[in-house]
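File shown: entry.tsv (TSV, C-alpha atoms).
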```
chain	number	residue	atom	x	y	z
A	972	MET	CA	7.65	-5.42	-15.75
A	973	PRO	CA	6.61	-6.11	-12.12
A	974	ALA	CA	7.08	-3.33	-9.59
A	975	ALA	CA	9.93	-3.71	-7.14
A	976	PRO	CA	8.79	-4.47	-3.62
A	977	THR	CA	9.08	-1.75	-1.00
A	978	ILE	CA	10.55	-2.56	2.38
A	979	GLN	CA	8.57	-2.18	5.55
A	980	GLY	CA	10.47	-2.43	8.78
A	981	SER	CA	10.32	-2.15	12.49
A	982	VAL	CA	12.68	-2.31	15.42
A	983	SER	CA	12.36	-3.59	18.92
A	984	ILE	CA	14.07	-1.44	21.54
A	985	ASP	CA	15.47	-2.73	24.81
A	986	ILE	CA	14.61	0.41	26.76
A	987	ASN	CA	16.50	-0.69	29.85
A	988	LYS	CA	19.80	-0.87	27.92
A	989	CYS	CA	19.35	2.62	26.43
A	990	LYS	CA	21.53	5.32	28.02
A	991	GLY	CA	19.91	8.19	26.14
A	992	CYS	CA	22.94	9.14	24.03
A	993	GLU	CA	20.62	10.15	21.15
A	994	LEU	CA	23.08	9.03	18.44
A	995	CYS	CA	20.31	7.05	16.73
A	996	ILE	CA	17.95	10.01	16.30
A	997	PRO	CA	19.90	11.98	13.67
A	998	ALA	CA	21.10	8.70	12.09
A	999	CYS	CA	17.51	7.66	11.29
A	1000	PRO	CA	16.73	8.71	7.69
A	1001	ALA	CA	12.99	8.16	8.24
A	1002	GLY	CA	13.01	10.42	11.31
A	1003	VAL	CA	10.92	8.01	13.39
A	1004	LEU	CA	12.98	7.91	16.59
A	1005	ARG	CA	12.52	10.33	19.48
A	1006	MET	CA	13.47	10.47	23.15
A	1007	THR	CA	10.75	9.88	25.71
A	1008	PRO	CA	10.20	12.10	28.74
A	1009	GLU	CA	10.03	8.91	30.85
A	1010	PHE	CA	13.00	7.22	32.50
A	1011	ASN	CA	14.12	3.59	32.25
A	1012	ALA	CA	15.21	1.43	35.20
A	1013	LYS	CA	18.71	2.97	35.08
A	1014	GLY	CA	17.36	6.53	35.24
A	1015	TYR	CA	17.93	7.49	31.58
A	1016	HIS	CA	15.49	8.90	29.07
A	1017	TYR	CA	15.14	6.30	26.32
A	1018	VAL	CA	14.34	6.27	22.63
A	1019	GLU	CA	10.93	5.37	21.21
A	1020	LEU	CA	9.80	4.41	17.72
A	1021	PHE	CA	7.02	5.99	15.67
A	1022	ASP	CA	5.38	4.69	12.48
A	1023	GLY	CA	7.36	4.79	9.25
A	1024	CYS	CA	10.40	2.63	9.96
A	1025	THR	CA	11.98	1.17	6.81
A	1026	GLY	CA	14.31	-1.27	8.55
A	1027	CYS	CA	17.42	0.47	7.21
A	1028	GLU	CA	19.51	-0.61	10.25
A	1029	MET	CA	21.13	2.79	10.81
A	1030	CYS	CA	19.99	2.87	14.45
A	1031	TYR	CA	21.37	-0.63	14.98
A	1032	LEU	CA	24.71	0.25	13.39
A	1033	ILE	CA	25.28	3.46	15.37
A	1034	CYS	CA	24.03	2.38	18.81
A	1035	PRO	CA	26.94	1.76	21.22
A	1036	ASP	CA	24.67	-0.14	23.62
A	1037	TYR	CA	23.00	-2.53	21.13
A	1038	VAL	CA	19.45	-1.62	22.13
A	1039	PHE	CA	17.92	-2.21	18.67
A	1040	GLU	CA	16.82	-5.37	16.91
A	1041	VAL	CA	15.75	-4.73	13.30
A	1042	TYR	CA	12.98	-6.53	11.43
A	1043	ARG	CA	12.30	-6.13	7.71
A	1044	ARG	CA	9.79	-7.62	5.36
A	1045	PRO	CA	9.13	-6.91	1.69
A	1046	GLN	CA	5.75	-5.45	0.93
A	1047	GLU	CA	4.51	-5.78	-2.62
A	1048	ARG	CA	3.20	-2.70	-4.32
A	1049	LYS	CA	-0.34	-2.82	-5.59
A	1050	ARG	CA	-0.58	-3.58	-9.27
A	1051	SER	CA	-2.33	-1.21	-11.59
A	1052	THR	CA	-5.80	-2.33	-12.64
A	1053	ARG	CA	-5.52	-0.54	-15.97
A	1054	HIS	CA	-4.94	-2.65	-19.04
A	1055	SER	CA	-2.97	-1.52	-22.06
A	1056	ALA	CA	-4.65	-1.76	-25.41
```
In C-alpha coordinates, write the structure found in this file.
Amino acid sequence: MPAAPTIQGSVSIDINKCKGCELCIPACPAGVLRMTPEFNAKGYHYVELFDGCTGCEMCYLICPDYVFEVYRRPQERKRSTRHSA
(Lines of atoms letter the chains of each structure in order from A and count residues from 1; the text may use other names and numbers.)
(Lines give C-alpha, C1' and ligand atoms only; values in the text may rest on other atoms or scores of the structure.)
Protein backbone atom coordinates (compact mmCIF):
# COMPACT_ATOMS: atom_id res chain seq x y z
CA MET A 1 0.00 0.00 0.00
CA PRO A 2 1.54 3.38 -0.94
CA ALA A 3 2.21 5.86 1.84
CA ALA A 4 -0.12 8.82 2.07
CA PRO A 5 1.48 12.09 1.04
CA THR A 6 2.32 14.62 3.72
CA ILE A 7 1.39 18.24 3.22
CA GLN A 8 3.99 20.96 3.11
CA GLY A 9 2.75 24.50 3.25
CA SER A 10 3.67 28.10 3.45
CA VAL A 11 1.96 31.43 3.79
CA SER A 12 2.66 34.85 2.43
CA ILE A 13 2.02 37.67 4.87
CA ASP A 14 1.03 41.20 3.89
CA ILE A 15 2.93 42.84 6.74
CA ASN A 16 1.48 46.28 6.05
CA LYS A 17 -2.09 45.02 6.64
CA CYS A 18 -1.17 43.36 9.96
CA LYS A 19 -2.34 45.26 13.06
CA GLY A 20 -0.53 43.00 15.51
CA CYS A 21 -3.62 41.49 17.15
CA GLU A 22 -1.74 38.18 17.64
CA LEU A 23 -4.86 36.03 17.14
CA CYS A 24 -3.00 33.88 14.61
CA ILE A 25 -0.17 32.92 16.96
CA PRO A 26 -2.10 30.65 19.36
CA ALA A 27 -4.28 29.43 16.45
CA CYS A 28 -1.24 28.00 14.63
CA PRO A 29 -0.96 24.28 15.53
CA ALA A 30 2.59 24.11 14.14
CA GLY A 31 3.67 27.06 16.31
CA VAL A 32 5.54 28.77 13.47
CA LEU A 33 4.17 32.31 13.80
CA ARG A 34 5.72 34.98 16.02
CA MET A 35 5.55 38.76 16.33
CA THR A 36 8.52 40.76 15.11
CA PRO A 37 10.13 43.56 17.11
CA GLU A 38 10.00 45.70 13.94
CA PHE A 39 7.10 47.95 12.94
CA ASN A 40 5.18 48.03 9.66
CA ALA A 41 4.23 51.20 7.77
CA LYS A 42 1.20 51.71 10.06
CA GLY A 43 3.32 51.49 13.21
CA TYR A 44 2.28 47.98 14.33
CA HIS A 45 4.42 45.00 15.18
CA TYR A 46 3.64 42.32 12.60
CA VAL A 47 3.69 38.55 12.43
CA GLU A 48 6.46 36.53 10.81
CA LEU A 49 6.65 32.92 9.66
CA PHE A 50 9.26 30.32 10.61
CA ASP A 51 9.91 26.92 9.00
CA GLY A 52 7.42 24.14 9.59
CA CYS A 53 4.17 25.48 8.15
CA THR A 54 1.73 22.75 7.12
CA GLY A 55 -0.71 24.98 5.25
CA CYS A 56 -3.55 24.21 7.66
CA GLU A 57 -5.19 27.62 7.04
CA MET A 58 -5.88 28.38 10.71
CA CYS A 59 -4.06 31.72 10.49
CA TYR A 60 -6.05 32.62 7.38
CA LEU A 61 -9.36 31.68 9.01
CA ILE A 62 -8.81 33.63 12.24
CA CYS A 63 -7.18 36.79 10.87
CA PRO A 64 -9.63 39.74 10.89
CA ASP A 65 -7.41 41.72 8.50
CA TYR A 66 -6.84 39.03 5.83
CA VAL A 67 -3.05 39.30 5.90
CA PHE A 68 -2.39 35.63 5.02
CA GLU A 69 -2.38 33.80 1.72
CA VAL A 70 -1.92 30.03 2.14
CA TYR A 71 -0.04 27.72 -0.21
CA ARG A 72 -0.03 23.92 0.07
CA ARG A 73 1.58 21.18 -1.91
CA PRO A 74 1.66 17.44 -1.33
CA GLN A 75 5.06 15.99 -0.66
CA GLU A 76 5.48 12.28 -1.22
CA ARG A 77 7.08 10.26 1.51
CA LYS A 78 10.19 8.34 0.62
CA ARG A 79 9.54 4.71 -0.13
CA SER A 80 11.28 2.03 1.81
CA THR A 81 14.14 0.36 -0.05
CA ARG A 82 13.62 -2.91 1.80
CA HIS A 83 12.00 -5.74 -0.09
CA SER A 84 9.78 -8.36 1.49
CA ALA A 85 10.68 -11.96 0.92
- Message: To one decimal place in Å, what is the distance between atom CA of A:Gly980 and atom CA of A:Thr1025?
- Response: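 Atom-to-atom, atom CA of A:Gly980 to atom CA of A:Thr1025, that is 4.4 Å.
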Hey, what's within 9 Å of A:Cys1034 if we count all atoms listed in the file and toss same-chain stuff fewer than 5 positions away? As a tab-separated table (two decimals) with C-alpha atoms, in the coordinates of the input, please?
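New file part07.tsv:
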```tsv
chain	number	residue	atom	x	y	z
A	989	CYS	CA	19.35	2.62	26.43
A	992	CYS	CA	22.94	9.14	24.03
A	993	GLU	CA	20.62	10.15	21.15
A	994	LEU	CA	23.08	9.03	18.44
A	995	CYS	CA	20.31	7.05	16.73
A	1029	MET	CA	21.13	2.79	10.81
A	1039	PHE	CA	17.92	-2.21	18.67
```
- Task: Could you pull out every residue with an atom within 12 Å of (22.5, 7.7, 24.2), file coordinates, counting only C-alpha atoms, and send them as a list in words?
- Result: Ile986, Asn987, Lys988, Cys989, Lys990, Gly991, Cys992, Glu993, Leu994, Cys995, Ile996, Pro997, Arg1005, Met1006, Tyr1015, His1016, Tyr1017, Val1018, Cys1030, Ile1033, Cys1034, Pro1035, Asp1036, Tyr1037 and Val1038 of chain A
- Atom pair atom CA of A:Ile984 / atom CA of A:Glu1019: separation (Å):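 That distance, rounded to one decimal, is 7.5 Å.
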- Please measure the separation of atom CA of A:Glu1028 and atom CA of A:Phe1010, giving the value in Å to one decimal. 24.5 Å
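Remark: for A:Phe1021, the closest of the candidate residues A:Val982, A:Arg1044, A:Ala998, A:Pro1008 is A:Val982 (distances computed over all atoms listed in the file).
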